[in-house]
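Quick notes on the structure that follows.
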Amino acid sequence: MKNLLFDFTVDKATKTVFVNREFDATLDLVWDAFTKAEILDQWWAPKPYLSKTKVMDFKVGGQRFYAMVSPEGQEHWSLQQYKSITPKTNFKYLNAFADKDANPSLPGSDWDLSFSEANGLTTVRISIYNESLERMEQMIAMGFQGGFTMTLDELARQLSAKK
């Protein structure tokens with residue numbers, strides 16, 4: 001197994017979480033994993049939760065409306081509103097918790113995901129900016145680091161199974 005980059009940094013001064021993660025997979029596979037609902041739903045939730053996308057329109061101005069579903073069937077809804085997309089390179093969205101009718105609970109967080117490939121490895125660099133320090137601290141207190149780490153580990157496992 002290759003020793004792949006994984007870095008998770010919380011910067012309270014800039015109200016930003018930085019996540020850098022390498023995957024042993026091609027850029028095409030990793031890009032699709034982040035931009036196609038049927039693939040996202042296979043990994044975009046820390047186990048034992050499941051991801052369930054209700055709507056996904058991956059285009060500027062489009063959105064993904066999805067739930068993280070607990071083993072007991074409780075749905076925790078979120079909305080991603082796509083702000084910019086540069087195919088295979090970068091996309092940005094506003095992420096907010098939402099109710100079951102897709103009404104966002106603001107403030108949200110601004111996600112900026114950049115993708116690059118070198119030597120058969122794809123690096124994803126994610127910055128998550130929160131206008132509200134309180135919201136960022138709440139997100140971290142709710143276990144975001146552990147949950148997101150588990151989620152990215154699941155993606156890595158699925159990508160290596162495709163090799």
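Here, A, B, ... name the chains of the structure tokens in the order displayed, residue numbers run from 1 inside each chain, and ligands are numbered from 1 in the same displayed order.
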
Point to revise | Selection near Ile85 in chain A, 8 Å with only C-alpha atoms, sequence-local residues under 4 positions removed, as number ranges by chain | key: A: 59-60, 90-92

Exercise for review: Might you pull out every residue within 10 Å of range 25-35 of chain A, with only C-alpha atoms counted and same-chain residues fewer than 2 positions away left off, and present them as number ranges by chain?
Suggested key: A: 22-23, 37-44, 56-59, 64, 87-91, 113-124, 155-156, 158-160, 162-163

Review point. Hey, what's within 10 Å of Asp99 in chain A if we count only C-alpha atoms and toss same-chain stuff fewer than 5 positions away? As a count of residues only, please?
Key: 8

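In this comparison, which uses only C-alpha atoms, the residue of A:Leu4, A:Met136, A:Val10, A:Leu94 approaching Gly62 in chain A most closely is A:Leu94.
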
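Between CA of Gln145 in chain A and CA of Phe8 in chain A the interatomic distance comes to 7.5 Å.
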
Study note, to complete from the structure: One residue among A:Ala45, A:Val55, A:Val17, A:Ile128 is nearest to Val69 in chain A when using only C-alpha atoms, and that residue is A:Ala45

Review point. Suppose you want the space between CA of Asp24 in chain A and CA of Asp112 in chain A; what is it in Å?
Key: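 Result for CA of Asp24 in chain A versus CA of Asp112 in chain A: 21.2 Å, one decimal.
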
Check your understanding: Could you pull the residues within 12 Å of Phe148 in chain A, counting only C-alpha atoms, minus those fewer than 4 positions along the same chain, as a PyMOL selection string?
Key -> chain A and resi 6-8+17-21+43-47+49+126+139-140+142-144+152-155

Exercise for review: Please identify all polymer residues within 9 Å of Leu133 in chain A, counting only C-alpha atoms, omitting same-chain residues fewer than 3 positions from it, and present them as an MDAnalysis selection string.
Suggested key: chainID A and resid 12:16 130 136:138

Could the residues in this selection be written to a file with C-alpha atoms, as an mmCIF file, in the first residue's frame?
```cif
data_model
loop_
_atom_site.group_PDB
_atom_site.id
_atom_site.type_symbol
_atom_site.label_atom_id
_atom_site.label_comp_id
_atom_site.auth_asym_id
_atom_site.auth_seq_id
_atom_site.Cartn_x
_atom_site.Cartn_y
_atom_site.Cartn_z
ATOM 1 C CA LYS A 12 -9.701 29.408 13.294
ATOM 2 C CA ALA A 13 -8.062 32.712 12.294
ATOM 3 C CA THR A 14 -9.383 32.373 8.723
ATOM 4 C CA LYS A 15 -12.470 30.313 9.733
ATOM 5 C CA THR A 16 -11.363 27.678 7.214
ATOM 6 C CA ASN A 130 -17.270 29.421 7.258
ATOM 7 C CA MET A 136 -17.259 26.155 12.092
ATOM 8 C CA GLU A 137 -16.662 25.320 15.762
ATOM 9 C CA GLN A 138 -20.085 23.623 15.904
#
```

Check your understanding: DSSP on the backbone: what in chain A comes out strand (DSSP E or B), as a VMD selection string?
Key -> chain A and resid 6 to 11 16 to 23 50 to 56 63 to 69 75 to 86 90 to 98 104 to 118 121 to 130

Practice item. Give the helix (DSSP H, G or I) residues of chain A, as assigned by DSSP on the backbone, as a PyMOL selection string. Key: chain A and resi 27-35+37-43+133-141+144-161

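Between CA of Thr151 in chain A and CA of Pro107 in chain A there is a distance of 23.4 Å.
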